[in-house]
Each structure stands twice: as C-alpha cells, then as structure tokens.
Amino acid sequence: MSSAATQVAPTAAPVRSPGYYVRRRLLQNRPAMAGLAFILVCALVAVLGYWVLPDNSPSANNSLVQLQKEAPGFRATILRLPLAADSARTASDNPLLTWWQGRAPRFREVPIGGYEFRGDSLQTTPYQNHSALADKAQGYSLVEVAGRSGSAAELRRIVEQERISGRTYWLGTDKAGRDELSRLLLGTRVSLGIGLVAVLISLALGMLIGAVAGYVGGWVDSLLLGLMTVVWSIPGIMLVIAISLALDSKGVWTSFVAVGLTMWVDVARVVRGQMLSLREKTFVEAGRVLGLPQSRLIARHLLPNMTGPLIVIATSNFAAAILLEAGLSFLGLGVQPPAPSWGLMVNEGFQLLGTTAGLWLTLLPGLAISLLVLSFNLLGNGLRDAYDPKTPLNS
C-alpha cells in the first residue's frame with residue numbers, strides 16, 4: 001500500500017457562532033479590556049458601598065467641622081461617643097434613606113488632640129488646626145464613653161481599644177470636614193446609577209419610537225422623525241434643565257429621569273435606520289405571509305438583529321449620562337448635598353481654588369469623571385470593532 005493512501009484527510013475547521021468571534025475580537029482589544037476592568041472595579045465599589053469606605057461612619061456624608069480642608073495624608077485621633085438610643089432609632093426610620101446614606105449611625109465622632117484618664121473620667125484636649133478656633137478641654141464619664149458599666153480598669157481598656165483610634169485621611173478632607181476618599185468612592189453609586197437608569201430609559205423609549213417609525217413608515221415615520229429632529233436640535237444640558245424644572249423637584253431620581261428622557265433620540269435614529277433596511281428582507285416577508293402580527297415581527301425577529309449597534313450606543317450613552325449628571329450637579333440642579341456626587345464635589349472645590357486644598361478638591365473628582373467616561377468610550381470603541389466582521393483576528 002502506498003504512503004499516499006495512508007494519509008489522513010484533514011479535519012474540517014470547527015463551526016463557530018458569530019458571538020465567539022465577537023468575544024475573541026473584544027478580548028484582543030487591550031484598551032477596551034482596560035476600560036472594562038475599570039468599570040467593573042467601580043461597579044464593585046458602588047455595590048459594596050459603605051463596606052469598603054476608609055471612613056464608613058456618618059462623617060462620609062456629615063461634617064467633622066474641626067477637620068475642614070486638611071491636606072492629603074494627614075492623620076487624626078478620633079474619639080467615638082455612643083449616640084443616644086432615640087437618636088439612632090430616628091436615623092433608621094426610613095429604610096430607603098438608610099440604604100442610600102449608609103448604615104444608621106451609632107456613634108458621634110470627635111477629633112481630639114490628646115487624652116488622659118483621671119479617675120473614672122476621660123479628659124481630652126481639643127484638636128486644633130489653621131481653620132478652626134481652639135475649643136476648651138472636654139471631660140467625659142468612662143461609663144458614658146464605653147456605653148456600659150464596669151470597673152475603672154475595664155472601662156479604660158474598652159475606651160482605649162474600641163473608642164479611641166487613629167485615622168489617616170489619604171486624600172484629605174473637604175470644606176465640611178468629610179473624608180475626600182470616602183466621598184469619591186461613594187460617588188460611584190450616583191454616576192453608575194444615573195448612567196444605568198438613563199440607558200434603560202433611552203433604550204426602552206428609543207427602541208419603541210424607532211421601531212414604529214422604521215417599520216410602519218409613511219406619515220407615522222415623518223411625524224416621529226420630525227419629533228426626533230426637534231429634540232435633537234436642543235442642547236442636552238438645556239433639555240435636562242428644562243425637564244428638571246418641569247418636574248419641579250431636585251434630587252437623585254429627578255436627575256436620573258431627566259437625563260434618561262434626553263438620550264432616546266440616538267437610539268431611535270439607529271433603530272429606525274436598521275429597521276428601514278431589515279423590513280424588506282426575505283424572512284420578514286415570510287413572516288408576513290405566515291400571518292405573524294407586526295408586534296411579534298418587530299420584537300422577536302427585527303430588534304434582535306440590532307443587538308450589536310444597540311450595545312455600542314448604550315455604552316456611548318452611559319458616558320454621556322455621567323457627564324450630563326456631573327454638569328447638572330455642578331450647576332446645583334442635580335444631586336443635592338450631602339449626597340456625594342462628583343459634579344457637586346467639583347463645584348465645592350472650584351469655590352476654594354484660591355487655597356491649596358481647593359486644587360485637590362477640584363482635581364480628584366474631575367479626574368474620576370474623566371477616567372470613568374474614558375473607560376466607557378474605550379469599551380464602546382472596542383465593541384464597535386468586535387461586532388465588525390472586517391476586523392482581523394489575531395491567531
């Protein structure tokens with residue numbers, strides 16, 4: 001038998017789904033993966049919330065007046081005084097407010113310059129800095145500070161181990177004495193939250209209007225296209241301000257809804273264009289012949305073919321929503337204090353630009369906004385290339 005006859009026929013290449021090649025192209029795009037990694041880290045910080053904050057106490061949203069405008073990296077000694085039972089109960093009456101602002105506070109934190117024990121009392125010297133007047137020395141009962149009764153030696157041990165601690169403020173504090181790093185981390189909740197809600201609203205409204213305009217056509221298409229053109233011609237920030245004023249309220253959810261209602265035009269135009277090209281395809285004609293209702297044709301057969309463009313535009317809208325929210329909060333029309341919004345933090349730092357702390361208070365939240373928006377833009381560009389079959393695959 002000849003050697004040629006013993007040769008094994010080459011195996012056929014495995015059949016891969018289009019999604020496999022989309023994932024391969026996306027994984028090979030390093031800038032897009034770097035942006036995705038940063039977005040995932042921010043999402044994890046937003047979900048964990050107060051559990052990952054360096055200062056997970058009430059001072060993340062409220063002030064320690066004596067520590068205002070401190071430079072990054074300074075360290076302070078903090079005395080934790082138990083709150084009265086009625087005060088703690090009042091803080092946790094509203095479950096939604098408690099979830100948003102963090103755990104119900106059980107302690108009041110006071111910065112001190114030093115301390116000593118005198119019998120059954122604790123004597124503290126006030127914390128002094130350049131921006132606060134010197135307070136008088138304070139005396140506290142050991143039972144009051146420890147929150148329980150016991151011998152003097154046992155109460156001193158509890159106070160030293162559980163009530164007095166040192167804390168480093170790595171990024172300093174703002175003008176109200178709040179930890180800047182904790183507020184930066186907590187601000188990811190607002191930025192990612194408003195981006196998510198705005199994208200969901202824009203996708204739902206844009207897909208509905210765009211699908212109807214592109215599939216039905218005729219005077220319906222002309223009417224809806226005119227509506228898109230009118231909304232498109234209005235600057236986004238002006239439209240958000242108008243919607244906020246029309247809703248006659250300020251706050252987190254008002255900003256979410258207002259931003260979402262201004263971003264549906266991009267989605268609607270993309271869906272309309274795709275629908276105009278797909279409605280004449282053979283599978284659509286077959287569905288009509290079979291008597292399928294128009295709503296099923298659009299929802300089950302046409303819209304799934306637009307997954308790629310919709311994902312790309314959703315990432316772009318996510319970045320645009322973050323910028324819009326930051327602009328609204330900077331102008332005082334978005335998230336209201338003491339909620340930690342990056343745009344509001346930029347505004348607070350901008351008012352102190354003449355001071356050394358003002359540079360940090362403006363630069364840090366501005367840098368956070370820029371990095372998050374850049375990450376979404378990089379991811380959007382990577383998804384656009386991944387869904388393009390002409391993009392080459394590295395072996």
# chains A, B, ... in the order shown; residues from 1 in each chain; ligands from 1
>>> residues_around(residues="A:Gly260", least_positions_apart="3", cutoff="8 Å", atoms="only C-alpha atoms", output="MDAnalysis selection string")
chainID A and resid 197:202 256:257 263:264 321
>>> write_last_selection(atoms="N, CA, C and O atoms", output="PDB file, in the first residue's frame")
ATOM      1  N   VAL A 197     -29.737  53.953  34.744  1.00  0.00           N
ATOM      2  CA  VAL A 197     -31.148  54.333  34.587  1.00  0.00           C
ATOM      3  C   VAL A 197     -31.358  55.090  33.277  1.00  0.00           C
ATOM      4  O   VAL A 197     -32.346  54.856  32.557  1.00  0.00           O
ATOM      5  N   ALA A 198     -30.438  55.993  32.942  1.00  0.00           N
ATOM      6  CA  ALA A 198     -30.570  56.758  31.703  1.00  0.00           C
ATOM      7  C   ALA A 198     -30.506  55.840  30.482  1.00  0.00           C
ATOM      8  O   ALA A 198     -31.265  56.013  29.520  1.00  0.00           O
ATOM      9  N   VAL A 199     -29.611  54.854  30.511  1.00  0.00           N
ATOM     10  CA  VAL A 199     -29.506  53.923  29.380  1.00  0.00           C
ATOM     11  C   VAL A 199     -30.769  53.083  29.254  1.00  0.00           C
ATOM     12  O   VAL A 199     -31.276  52.859  28.150  1.00  0.00           O
ATOM     13  N   LEU A 200     -31.307  52.602  30.370  1.00  0.00           N
ATOM     14  CA  LEU A 200     -32.528  51.790  30.309  1.00  0.00           C
ATOM     15  C   LEU A 200     -33.707  52.600  29.762  1.00  0.00           C
ATOM     16  O   LEU A 200     -34.479  52.112  28.925  1.00  0.00           O
ATOM     17  N   ILE A 201     -33.839  53.853  30.243  1.00  0.00           N
ATOM     18  CA  ILE A 201     -34.937  54.698  29.740  1.00  0.00           C
ATOM     19  C   ILE A 201     -34.746  55.004  28.263  1.00  0.00           C
ATOM     20  O   ILE A 201     -35.693  54.920  27.459  1.00  0.00           O
ATOM     21  N   SER A 202     -33.528  55.353  27.866  1.00  0.00           N
ATOM     22  CA  SER A 202     -33.277  55.696  26.465  1.00  0.00           C
ATOM     23  C   SER A 202     -33.466  54.491  25.548  1.00  0.00           C
ATOM     24  O   SER A 202     -33.985  54.630  24.433  1.00  0.00           O
ATOM     25  N   PHE A 256     -31.963  61.341  37.407  1.00  0.00           N
ATOM     26  CA  PHE A 256     -31.958  60.091  36.647  1.00  0.00           C
ATOM     27  C   PHE A 256     -32.964  60.147  35.501  1.00  0.00           C
ATOM     28  O   PHE A 256     -32.646  59.840  34.350  1.00  0.00           O
ATOM     29  N   VAL A 257     -34.202  60.517  35.823  1.00  0.00           N
ATOM     30  CA  VAL A 257     -35.266  60.535  34.821  1.00  0.00           C
ATOM     31  C   VAL A 257     -35.010  61.610  33.771  1.00  0.00           C
ATOM     32  O   VAL A 257     -35.192  61.380  32.560  1.00  0.00           O
ATOM     33  N   MET A 263     -31.874  61.238  26.064  1.00  0.00           N
ATOM     34  CA  MET A 263     -30.887  60.448  25.332  1.00  0.00           C
ATOM     35  C   MET A 263     -31.529  59.393  24.435  1.00  0.00           C
ATOM     36  O   MET A 263     -30.819  58.569  23.858  1.00  0.00           O
ATOM     37  N   TRP A 264     -32.850  59.393  24.296  1.00  0.00           N
ATOM     38  CA  TRP A 264     -33.500  58.361  23.492  1.00  0.00           C
ATOM     39  C   TRP A 264     -33.387  58.613  21.998  1.00  0.00           C
ATOM     40  O   TRP A 264     -33.565  57.684  21.191  1.00  0.00           O
ATOM     41  N   ALA A 321     -24.338  60.241  29.851  1.00  0.00           N
ATOM     42  CA  ALA A 321     -25.194  60.454  31.029  1.00  0.00           C
ATOM     43  C   ALA A 321     -24.363  60.855  32.241  1.00  0.00           C
ATOM     44  O   ALA A 321     -24.782  61.713  33.037  1.00  0.00           O
TER      45      ALA A 321
END
>>> residues_around(residues="A:Leu181", least_positions_apart="4", cutoff="9 Å", atoms="only C-alpha atoms", output="ChimeraX atom specification")
/A:53-55,169-173,185-186
>>> residues_around(residues="stretch 16-25 of chain A", least_positions_apart="6", cutoff="8 Å", atoms="only C-alpha atoms", output="number ranges by chain")
A: 385-387, 391-393
>>> residues_around(residues="A:Gly114", least_positions_apart="5", cutoff="8 Å", atoms="only C-alpha atoms", output="list of chain:residue names")
A:Thr77, A:Thr124, A:Thr125, A:Pro126, A:Tyr127
>>> write_last_selection(atoms="N, CA and C atoms", output="compact mmCIF listing (two decimals), in the first residue's frame")
# COMPACT_ATOMS: atom_id res chain seq x y z
N THR A 77 -6.59 61.72 65.54
CA THR A 77 -7.08 60.82 66.57
C THR A 77 -8.57 61.07 66.76
N THR A 124 -10.00 65.11 77.50
CA THR A 124 -9.46 65.25 76.15
C THR A 124 -9.05 66.69 75.88
N THR A 125 -7.98 66.85 75.13
CA THR A 125 -7.58 68.17 74.64
C THR A 125 -8.11 68.33 73.23
N PRO A 126 -8.53 69.53 72.84
CA PRO A 126 -9.17 69.70 71.53
C PRO A 126 -8.18 69.59 70.39
N TYR A 127 -8.69 69.15 69.25
CA TYR A 127 -7.91 69.15 68.02
C TYR A 127 -7.86 70.57 67.48
>>> residues_around(residues="A:Phe376", least_positions_apart="5", cutoff="7 Å", atoms="only C-alpha atoms", output="list in words")
Gly35, Thr315, Ser316 and Ala319 of chain A
>>> write_last_selection(atoms="N, CA, C and O atoms", output="PDB file, in the first residue's frame")
ATOM      1  N   GLY A  35     -10.624  49.462  29.906  1.00  0.00           N
ATOM      2  CA  GLY A  35     -11.813  50.220  30.274  1.00  0.00           C
ATOM      3  C   GLY A  35     -12.843  49.365  30.977  1.00  0.00           C
ATOM      4  O   GLY A  35     -13.448  49.793  31.968  1.00  0.00           O
ATOM      5  N   THR A 315     -23.241  52.032  25.489  1.00  0.00           N
ATOM      6  CA  THR A 315     -22.015  52.426  26.188  1.00  0.00           C
ATOM      7  C   THR A 315     -21.714  53.906  25.970  1.00  0.00           C
ATOM      8  O   THR A 315     -21.263  54.595  26.886  1.00  0.00           O
ATOM      9  N   SER A 316     -21.990  54.398  24.755  1.00  0.00           N
ATOM     10  CA  SER A 316     -21.792  55.829  24.490  1.00  0.00           C
ATOM     11  C   SER A 316     -22.749  56.676  25.323  1.00  0.00           C
ATOM     12  O   SER A 316     -22.355  57.712  25.886  1.00  0.00           O
ATOM     13  N   ALA A 319     -21.630  56.992  29.016  1.00  0.00           N
ATOM     14  CA  ALA A 319     -20.635  58.039  29.255  1.00  0.00           C
ATOM     15  C   ALA A 319     -21.257  59.427  29.187  1.00  0.00           C
ATOM     16  O   ALA A 319     -20.951  60.305  30.012  1.00  0.00           O
TER      17      ALA A 319
END
>>> select_by_dssp(residues="stretch 66-250 of chain A", states="strand (DSSP E or B)", output="count of residues only")
39
>>> atom_distance(atom1="atom CA of A:Ala242", atom2="atom CA of A:Val259")
10.8 Å
>>> residues_around(residues="stretch 28-33 of chain A", least_positions_apart="2", cutoff="6 Å", atoms="only C-alpha atoms", output="list in words")
Arg25, Leu26, Gly35, Leu36, Leu378, Leu379 and Gly382 of chain A
>>> write_last_selection(atoms="C-alpha atoms", output="tab-separated table (two decimals), in the first residue's frame")
chain	number	residue	atom	x	y	z
A	25	ARG	CA	-12.05	40.42	19.00
A	26	LEU	CA	-13.09	42.14	22.21
A	35	GLY	CA	-11.81	50.22	30.27
A	36	LEU	CA	-14.00	47.23	31.14
A	378	LEU	CA	-12.85	52.74	25.13
A	379	LEU	CA	-15.29	49.90	25.76
A	382	GLY	CA	-13.89	48.01	21.35
>>> select_by_dssp(residues="stretch 220-351 of chain A", states="alpha helix (DSSP H)", output="count of residues only")
95
>>> residues_around(residues="A:Ala357", least_positions_apart="5", cutoff="9 Å", atoms="only C-alpha atoms", output="VMD selection string")
chain A and resid 69 to 72 172 to 175 349 352 362
>>> atom_distance(atom1="atom CA of A:Leu184", atom2="atom CA of A:Leu245")
27.7 Å
>>> closest_residue(among="A:Ser121, A:Ser341, A:Ser222, A:Thr282", to="A:Val145", atoms="only C-alpha atoms")
A:Ser121
>>> atom_distance(atom1="atom CA of A:Val270", atom2="atom CA of A:Ile194")
22.2 Å
>>> closest_residue(among="A:Lys281, A:Ala320, A:Ala176, A:Trp219", to="A:Pro337", atoms="only C-alpha atoms")
A:Ala176
>>> closest_residue(among="A:Ser255, A:Ser233, A:Ser191, A:Gln274", to="A:Gly210", atoms="only C-alpha atoms")
A:Gln274
>>> decode(residues="stretch 197-219 of chain A", atoms="C-alpha atoms", output="compact mmCIF listing (two decimals), in the first residue's frame")
# COMPACT_ATOMS: atom_id res chain seq x y z
CA VAL A 197 -31.15 54.33 34.59
CA ALA A 198 -30.57 56.76 31.70
CA VAL A 199 -29.51 53.92 29.38
CA LEU A 200 -32.53 51.79 30.31
CA ILE A 201 -34.94 54.70 29.74
CA SER A 202 -33.28 55.70 26.46
CA LEU A 203 -33.25 52.10 25.17
CA ALA A 204 -36.90 51.47 26.04
CA LEU A 205 -38.16 54.77 24.58
CA GLY A 206 -35.77 54.86 21.62
CA MET A 207 -36.43 51.27 20.54
CA LEU A 208 -40.19 51.79 20.70
CA ILE A 209 -40.25 55.04 18.71
CA GLY A 210 -37.54 53.98 16.25
CA ALA A 211 -39.10 50.58 15.56
CA VAL A 212 -42.54 52.06 14.92
CA ALA A 213 -41.16 54.82 12.67
CA GLY A 214 -38.95 52.49 10.62
CA TYR A 215 -41.38 49.60 10.23
CA VAL A 216 -44.66 51.44 9.69
CA GLY A 217 -43.26 54.26 7.53
CA GLY A 218 -45.47 56.79 5.80
CA TRP A 219 -46.87 59.73 7.73
